[in-house]
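I have placed the structure first, in the form of structure tokens, so that the comments after it can refer back to it.
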Amino acid sequence: MTPQLEIVIIAVIVSAACSVLGVFLILRKMAMMTDAISHTILLGIVVAFFITESLTSPLLIIGAALVGLLTVYLTEALRRTRLMAEDSSIGIVFPFLFSIAIILITKYAGNIHLDVDSVLLGELVFVPFDRLIVLGRDIGAKSLYVMGTILFIDLLYVILFYKELKLVTFDAALAAVLGFSPIAIHYSLMGLVSITAVGAFEAVGSILVIAFMIGPPVSAYMITDKLRNMLILSTLIGIINSIIGYRLSVIFDVAIAGSIATVIGITFLIVFITAPKRGMLTIINSRRRRKIEYAMASLLLHLCNHENTDREEIESNRHSIYQHLNWSKKFLEKILYKALNLNYITLNNEYLKLTPKGREYAIRCYDDIGYSI
Amino acid sequence: MQKHVIEVEDMTVAYEEKPVLWDIDINIPKGVLMAIVGPNGAGKSTLIKAMLNLVKPISGKVLFNGLSYECQRRYIGYVPQRGSVDWDFPTSVLDVVLMGTYGKIGWIKRPGKKEKEKSLDAIKKVGMEEFVDRQISQLSGGQQQRVFLARALVQDADIYFMDEPFQGVDAKTERAIINILKELRLRGKTVIVVHHDLQTVKEYFDWVALLNTKLIQYGKVDEVFTDENLRITYGSTDRVLKGEV
């Protein structure tokens, strides 16, 4: 296997592992927590390193997971005091734990391979240098196996506990009543997020971990309204983004992690604008359509209200009606054109007359207003 | 002696230092349709949550059929306040109703054909069969409440707790809900409802609990739902009239 291929495969595995868990983080409104965890786990790694004096010990992952959970716990404990909101408590806990890790590194571990830059940005290029040797044989990059195992655990967890994750995320109170402990699900999920983050950060850095955990899930959320599809789409978007990002980094000779994170951002932007149901264009369009619908209904109702009254001539004159409705002339023309086309009104010597069809529509709109609440 | 399905003994709940519920004692007989009424902040929702173990009381205990909540869990159904969940969650009407079957299915196993049929029946019962695959964010408030009710029906419980099921629903939904509640009572179920509208208490319920941090009175509507008791519960009638309830 070439180092290039190894890099791509690792990026793909990391993206899949992060984006699948990210779906639940987004739905649980915990995006900011990812940010915190992906940094504070460094403290767990450093402390575990001081205990084991080895950078390859599995204790590092356990230490990281524990500090990840500690981050969640401290944040929630602070929030529970009701003295501050969740985002503020994250803002306190995250820099606090992270900076302890930084101090420990700079003070006691200055000469080992644990520098702050590589933590934040990672360096995929170097990943293939770290080999896994079993019985004297080189069986591939170590990250490949570490992340592969983590991805397997993540997928297994989501598949096995899909129903529980869904219930706890949607309605924690009902989950508790039915006997599915929301706390157990919450902390197991956050534990896996920490483990995934620590496995990934060495390869891709914490910034890309955050990008993977948030970007693809949010893009998927814009596209679908089924949880299962959101999980699949999120994973696919993560994978495709990392492949495109890698290709671009080769073409433009730039950092891989930065390139992938940029592609994730651009993907989101495209989805955000063009998504079929929740995208910006759709929303703007439907807003405009609704505005015209309401305007049409109010014009017809206006005519209906003054039909056969002594003010009918004043109220239905096409040259003055825009003043009564407080519309611009141009807007009135547009609505008139539409109403004439739909055969809701007829034009009779500058006076607007409702057709039976238009009258029926106006009355129906009026009746509907009561029910739409 | 009358058999009680729910017994609440000396229950006190406090958030921070302020008591929300103060020394509540209630014995609820089987097969009643009971409203819990009281002013805002009287602890109505908290009382339900404390009975369901969702809020930890400082003192006191709750027994269902003489046993602890954990033993009786599968006989208890719960409809939380509609506003307590995120209706933008990516899921459909059928999916939400299916959640009501999760308790009997247990961990890890998935709902199957039987659960699906049961859910579809419940959806039909609340008049939502047109919306089975509808995404839940596209429902009106009344429709959302019906979905919650359908979900409670598939729980197939003996005791139901409902937190303001009539909150912000249209008249048609309100009628549909009350008909289902009355039918549940006819089938011998016990239904406890947090309720806001004093005017409908007599028409809808046969039992009522008047709550304002302390339990003022509870019992049959005819006996307990008196002007005098309402005055004690809501403070002066002035405040009731000003709409501060």
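Note on naming: chains are A, B, ... as they come in the structure tokens, residues start from 1 per chain, ligands start from 1 in the order shown.
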
### Query
Could you pull the residues within 10 Å of range 181-197 of chain B, counting only C-alpha atoms, minus those fewer than 2 positions along the same chain, as number ranges by chain?
B: 5-6, 28-40, 44-45, 47-48, 76-79, 81, 149, 153, 156-167, 175-179, 199-201, 204-209, 245

Written file, previous selection with N, CA and C atoms, as a compact mmCIF listing (two decimals), in the first residue's frame:
```
# COMPACT_ATOMS: atom_id res chain seq x y z
N VAL B 5 -54.50 2.86 43.29
CA VAL B 5 -53.43 2.50 42.35
C VAL B 5 -52.20 3.37 42.56
N ILE B 6 -52.44 4.60 43.03
CA ILE B 6 -51.30 5.47 43.30
C ILE B 6 -51.40 5.99 44.72
N ILE B 28 -54.92 7.78 45.02
CA ILE B 28 -55.79 7.84 43.86
C ILE B 28 -56.36 6.46 43.57
N PRO B 29 -57.70 6.35 43.55
CA PRO B 29 -58.30 5.05 43.28
C PRO B 29 -58.21 4.69 41.80
N LYS B 30 -58.40 3.41 41.54
CA LYS B 30 -58.32 2.91 40.16
C LYS B 30 -59.48 3.45 39.33
N GLY B 31 -59.19 3.74 38.05
CA GLY B 31 -60.25 4.05 37.11
C GLY B 31 -60.81 5.45 37.16
N VAL B 32 -60.05 6.39 37.74
CA VAL B 32 -60.54 7.77 37.71
C VAL B 32 -59.85 8.56 36.61
N LEU B 33 -60.52 9.63 36.19
CA LEU B 33 -59.95 10.58 35.26
C LEU B 33 -59.78 11.86 36.05
N MET B 34 -58.53 12.11 36.47
CA MET B 34 -58.31 13.18 37.43
C MET B 34 -57.52 14.34 36.85
N ALA B 35 -58.02 15.55 37.11
CA ALA B 35 -57.29 16.75 36.70
C ALA B 35 -56.47 17.25 37.86
N ILE B 36 -55.26 17.73 37.55
CA ILE B 36 -54.50 18.46 38.56
C ILE B 36 -54.56 19.92 38.14
N VAL B 37 -55.19 20.76 38.95
CA VAL B 37 -55.27 22.18 38.60
C VAL B 37 -54.64 23.02 39.69
N GLY B 38 -54.27 24.23 39.31
CA GLY B 38 -53.64 25.15 40.24
C GLY B 38 -53.00 26.26 39.45
N PRO B 39 -52.61 27.35 40.12
CA PRO B 39 -52.03 28.49 39.39
C PRO B 39 -50.66 28.14 38.79
N ASN B 40 -50.16 29.03 37.95
CA ASN B 40 -48.81 28.86 37.41
C ASN B 40 -47.80 28.73 38.53
N LYS B 44 -47.63 21.69 39.41
CA LYS B 44 -48.46 20.63 38.80
C LYS B 44 -47.60 19.64 38.01
N SER B 45 -46.77 20.20 37.09
CA SER B 45 -45.90 19.32 36.30
C SER B 45 -44.90 18.61 37.20
N LEU B 47 -45.28 17.68 40.21
CA LEU B 47 -45.92 16.57 40.92
C LEU B 47 -45.92 15.31 40.05
N ILE B 48 -46.28 15.48 38.78
CA ILE B 48 -46.26 14.34 37.87
C ILE B 48 -44.85 13.79 37.72
N ILE B 76 -47.11 2.02 33.31
CA ILE B 76 -47.27 3.47 33.43
C ILE B 76 -46.97 4.15 32.10
N GLY B 77 -47.89 5.00 31.65
CA GLY B 77 -47.69 5.75 30.41
C GLY B 77 -47.53 7.23 30.70
N TYR B 78 -46.81 7.93 29.83
CA TYR B 78 -46.51 9.33 30.10
C TYR B 78 -46.58 10.14 28.82
N VAL B 79 -47.29 11.25 28.88
CA VAL B 79 -47.30 12.20 27.77
C VAL B 79 -46.71 13.52 28.27
N GLN B 81 -45.13 17.44 28.16
CA GLN B 81 -45.61 18.66 27.49
C GLN B 81 -45.10 18.69 26.07
N LEU B 149 -50.47 11.56 21.94
CA LEU B 149 -51.51 10.74 22.54
C LEU B 149 -51.46 9.32 21.97
N LEU B 153 -51.01 5.73 23.78
CA LEU B 153 -51.93 4.60 23.64
C LEU B 153 -51.18 3.30 23.38
N ASP B 156 -49.83 1.10 26.11
CA ASP B 156 -50.72 0.10 26.68
C ASP B 156 -50.59 0.04 28.19
N ALA B 157 -50.64 1.21 28.80
CA ALA B 157 -50.41 1.29 30.23
C ALA B 157 -51.73 1.15 31.00
N ASP B 158 -51.63 1.05 32.32
CA ASP B 158 -52.82 1.06 33.16
C ASP B 158 -53.02 2.42 33.79
N ILE B 159 -51.90 3.12 33.96
CA ILE B 159 -51.96 4.44 34.58
C ILE B 159 -51.31 5.42 33.61
N TYR B 160 -52.02 6.49 33.28
CA TYR B 160 -51.47 7.48 32.35
C TYR B 160 -51.25 8.81 33.04
N PHE B 161 -50.11 9.42 32.76
CA PHE B 161 -49.86 10.78 33.21
C PHE B 161 -49.73 11.67 31.99
N MET B 162 -50.49 12.76 31.96
CA MET B 162 -50.45 13.64 30.80
C MET B 162 -50.23 15.07 31.25
N ASP B 163 -49.19 15.69 30.69
CA ASP B 163 -48.83 17.04 31.09
C ASP B 163 -49.41 18.05 30.08
N GLU B 164 -50.49 18.68 30.45
CA GLU B 164 -51.15 19.69 29.63
C GLU B 164 -51.42 19.25 28.19
N PRO B 165 -52.18 18.18 28.03
CA PRO B 165 -52.46 17.72 26.66
C PRO B 165 -53.35 18.68 25.87
N PHE B 166 -54.02 19.62 26.55
CA PHE B 166 -54.91 20.53 25.83
C PHE B 166 -54.24 21.87 25.53
N GLN B 167 -52.97 21.98 25.88
CA GLN B 167 -52.26 23.25 25.70
C GLN B 167 -52.14 23.60 24.21
N ARG B 175 -61.63 17.96 21.60
CA ARG B 175 -62.73 16.99 21.70
C ARG B 175 -62.23 15.57 21.46
N ALA B 176 -61.37 15.42 20.44
CA ALA B 176 -60.83 14.09 20.14
C ALA B 176 -60.07 13.55 21.34
N ILE B 177 -59.27 14.41 21.96
CA ILE B 177 -58.46 13.95 23.10
C ILE B 177 -59.36 13.54 24.27
N ILE B 178 -60.33 14.39 24.58
CA ILE B 178 -61.14 14.09 25.76
C ILE B 178 -61.95 12.81 25.54
N ASN B 179 -62.38 12.59 24.28
CA ASN B 179 -63.11 11.34 24.01
C ASN B 179 -62.23 10.12 24.26
N GLN B 199 -62.77 26.00 33.41
CA GLN B 199 -64.16 25.90 32.95
C GLN B 199 -64.56 24.52 32.47
N THR B 200 -63.57 23.73 32.05
CA THR B 200 -63.92 22.42 31.51
C THR B 200 -63.74 21.30 32.52
N VAL B 201 -63.26 21.63 33.74
CA VAL B 201 -62.97 20.59 34.72
C VAL B 201 -64.20 19.72 34.99
N TYR B 204 -65.09 17.49 31.90
CA TYR B 204 -64.14 16.48 31.44
C TYR B 204 -63.79 15.42 32.49
N PHE B 205 -63.70 15.85 33.75
CA PHE B 205 -63.07 14.96 34.75
C PHE B 205 -64.05 14.52 35.82
N ASP B 206 -63.74 13.40 36.46
CA ASP B 206 -64.58 13.02 37.60
C ASP B 206 -63.84 13.22 38.92
N TRP B 207 -62.51 13.31 38.85
CA TRP B 207 -61.75 13.64 40.05
C TRP B 207 -60.90 14.87 39.78
N VAL B 208 -60.54 15.55 40.86
CA VAL B 208 -59.69 16.73 40.68
C VAL B 208 -58.79 16.88 41.91
N ALA B 209 -57.57 17.39 41.65
CA ALA B 209 -56.68 17.74 42.76
C ALA B 209 -56.36 19.22 42.61
N VAL B 245 -53.89 33.31 36.54
CA VAL B 245 -53.76 31.88 36.83
C VAL B 245 -53.15 31.24 35.68
```

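Within 7 Å of range 257-269 of chain A there are Leu121, Val204, Leu208, Ala211, Gly215, Pro216, Ser219, Asn241, Ser242, Gly245, Tyr246, Leu248, Ser249, Val254, Ala255, Val271, Phe272 and Ile273 of chain A, counting only C-alpha atoms and ignoring same-chain residues fewer than 2 positions away.
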
Per residue of chain B within 9 Å of chain A, record the nearest atom pair and its distance in Å to one decimal, counting only C-alpha atoms, with rows in chain order and ascending residue number, as a Markdown table.
```
| residue | atom | partner | partner_atom | distance |
| --- | --- | --- | --- | --- |
| B:Glu16 | CA | A:Thr81 | CA | 8.8 |
| B:Lys49 | CA | A:Ala173 | CA | 8.9 |
| B:Leu52 | CA | A:Val177 | CA | 6.6 |
| B:Asn53 | CA | A:Val177 | CA | 7.8 |
| B:Leu54 | CA | A:Ala173 | CA | 7.0 |
| B:Glu70 | CA | A:Gly179 | CA | 8.3 |
| B:Arg73 | CA | A:Leu178 | CA | 6.8 |
| B:Arg74 | CA | A:Leu178 | CA | 7.1 |
| B:Ile76 | CA | A:Val177 | CA | 8.0 |
| B:Gly77 | CA | A:Val177 | CA | 7.9 |
| B:Tyr78 | CA | A:Leu174 | CA | 6.7 |
| B:Val79 | CA | A:Leu174 | CA | 7.7 |
| B:Pro80 | CA | A:Leu174 | CA | 7.3 |
| B:Ser84 | CA | A:Asp171 | CA | 7.7 |
| B:Val85 | CA | A:Asp171 | CA | 5.8 |
| B:Asp86 | CA | A:Phe170 | CA | 6.7 |
| B:Trp87 | CA | A:Phe170 | CA | 8.5 |
| B:Asp88 | CA | A:Asp225 | CA | 8.5 |
| B:Phe89 | CA | A:Phe170 | CA | 6.8 |
| B:Pro90 | CA | A:Asp225 | CA | 4.2 |
| B:Thr91 | CA | A:Lys226 | CA | 5.0 |
| B:Ser92 | CA | A:Lys226 | CA | 7.2 |
| B:Val96 | CA | A:Leu167 | CA | 8.6 |
| B:Met99 | CA | A:Leu167 | CA | 6.7 |
| B:Gly100 | CA | A:Leu178 | CA | 8.4 |
| B:Tyr102 | CA | A:Leu178 | CA | 7.4 |
| B:Gly103 | CA | A:Leu178 | CA | 4.8 |
| B:Lys104 | CA | A:Leu178 | CA | 8.3 |
| B:Gly106 | CA | A:Phe180 | CA | 8.3 |
| B:Trp107 | CA | A:Glu164 | CA | 7.3 |
| B:Ile108 | CA | A:Leu160 | CA | 5.6 |
| B:Lys109 | CA | A:Leu160 | CA | 8.1 |
| B:Arg110 | CA | A:Lys163 | CA | 7.0 |
| B:Pro111 | CA | A:Lys163 | CA | 8.8 |
| B:Gln135 | CA | A:Asp225 | CA | 6.6 |
| B:Ser140 | CA | A:Ile373 | CA | 7.1 |
| B:Gly141 | CA | A:Ile373 | CA | 7.8 |
| B:Gly142 | CA | A:Ile373 | CA | 8.7 |
| B:Val169 | CA | A:Ile373 | CA | 8.4 |
| B:Asp170 | CA | A:Ile373 | CA | 7.4 |
```

#### Entry: Near-Ile239 in chain A list (12 Å; only C-alpha atoms; drop same-chain fewer than 6 positions) as JSON, numbers by chain
{"A": [8, 9, 10, 11, 12, 13, 14, 15, 16, 17, 18, 19, 20, 212, 215, 216, 217, 232, 233, 245, 246, 260, 263, 264]}

Would you write out those residues with C-alpha atoms, as a compact mmCIF listing (two decimals), in the first residue's frame?
```txt
# COMPACT_ATOMS: atom_id res chain seq x y z
CA VAL A 8 -6.68 8.72 1.99
CA ILE A 9 -7.96 5.61 3.73
CA ILE A 10 -7.17 7.04 7.15
CA ALA A 11 -8.89 10.30 6.27
CA VAL A 12 -11.94 8.36 5.09
CA ILE A 13 -12.07 6.24 8.25
CA VAL A 14 -11.69 9.26 10.50
CA SER A 15 -14.38 11.14 8.60
CA ALA A 16 -16.83 8.24 8.81
CA ALA A 17 -16.21 7.72 12.54
CA CYS A 18 -16.64 11.41 13.32
CA SER A 19 -19.60 12.16 11.07
CA VAL A 20 -21.66 9.23 12.29
CA PHE A 212 -15.92 16.21 10.60
CA GLY A 215 -20.02 19.79 9.04
CA PRO A 216 -21.29 16.59 7.38
CA PRO A 217 -24.08 16.00 9.95
CA ILE A 232 -25.97 7.46 6.05
CA LEU A 233 -25.77 10.80 4.25
CA GLY A 245 -10.08 17.50 0.10
CA TYR A 246 -7.12 15.17 -0.23
CA ILE A 260 -10.42 18.85 3.78
CA VAL A 263 -14.12 21.36 1.39
CA ILE A 264 -16.41 20.49 4.31
```

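Note that the spacing between CA of Thr106 in chain A and CA of Ser38 in chain A amounts to 19.3 Å.
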
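When CA of Glu9 in chain B is paired with CA of Ile24 in chain B, their separation reads 6.4 Å.
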
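Note that the spacing between CA of Asn65 in chain B and CA of Lys202 in chain B amounts to 27.2 Å.
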
### Query
Got a sec to tell me which of range 76-202 of chain B DSSP assigns to alpha helix (DSSP H), as a PyMOL selection string?
chain B and resi 93-98+102-105+113-125+141-155+171-186+201-202
